[in-house]
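Visitor: Quick one: the structure is below, questions incoming.
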Amino acid sequence: MAEPPDAAIRRRHRIHELVLALLAQQGDLELLDGDGAALSGNPGEAGQWLERNRRVVARYQALVRSAVTLDALVDQEVNRGFQAPMPPTP
């Protein structure tokens with residue numbers, strides 16, 4: 001079941017805020033190297049350049065997955081708190 005557009009926008013905003021908070025916790029934030037050794041023509045250097053950028057992207061992906069997981073856990077706990085108590089069984 002798809003969530004309403006406004007709920008999806010709010011969720012995306014929450015995840016964005018979580019990603020920013022997680023990024024703020026990072027000590028040494030690396031950025032992609034856009035014009036590195038890959039342009040020099042040396043295959044060994046190009047491979048190192050590519051591997052480094054792959055590791056940087058993987059780190060950002062891990063931060064985003066962490067933010068999505070945190071958002072889902074918070075949402076689950078909030079929704080659990082709003083559930084009506086079960087009536088006692090006879």
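Letters A, B, ... mark the chains of the structure tokens in the order given; residue numbers begin at 1 per chain; ligand numbers begin at 1, in order shown.
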Out of chain A, which residues get helix (DSSP H, G or I) from DSSP, as a PyMOL selection string?

Guide: chain A and resi 5-25+37-39+43-81

Visitor: Listing only residues of range 42-77 of chain A within 10 Å of range 21-30 of chain A, what is the closest atom pair and its distance in Å (to one decimal) for each, using only C-alpha atoms, sorted by chain and residue number ascending, as JSON lines?

Guide:
{"residue": "A:Arg52", "atom": "CA", "partner": "A:Glu30", "partner_atom": "CA", "distance": 9.9}
{"residue": "A:Asn53", "atom": "CA", "partner": "A:Glu30", "partner_atom": "CA", "distance": 9.3}
{"residue": "A:Arg55", "atom": "CA", "partner": "A:Glu30", "partner_atom": "CA", "distance": 9.8}
{"residue": "A:Val56", "atom": "CA", "partner": "A:Glu30", "partner_atom": "CA", "distance": 6.6}
{"residue": "A:Val57", "atom": "CA", "partner": "A:Glu30", "partner_atom": "CA", "distance": 9.5}
{"residue": "A:Arg59", "atom": "CA", "partner": "A:Glu30", "partner_atom": "CA", "distance": 9.3}
{"residue": "A:Tyr60", "atom": "CA", "partner": "A:Leu23", "partner_atom": "CA", "distance": 8.8}
{"residue": "A:Leu63", "atom": "CA", "partner": "A:Leu22", "partner_atom": "CA", "distance": 6.8}
{"residue": "A:Val64", "atom": "CA", "partner": "A:Leu22", "partner_atom": "CA", "distance": 8.8}
{"residue": "A:Ser66", "atom": "CA", "partner": "A:Leu22", "partner_atom": "CA", "distance": 8.5}
{"residue": "A:Ala67", "atom": "CA", "partner": "A:Leu22", "partner_atom": "CA", "distance": 7.6}

Visitor: For Arg12 in chain A, please output as a PyMOL selection string all residues within 12 Å (counting only C-alpha atoms; exclusion window: fewer than 2 positions along the same chain).

Guide: chain A and resi 3+5-10+14-19+64+67-68+71-72

Visitor: One decimal, in Å: what's the spacing between CA of Glu45 in chain A and CA of Leu32 in chain A?

Guide: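 According to the coordinates, CA of Glu45 in chain A and CA of Leu32 in chain A are separated by 15.3 Å.
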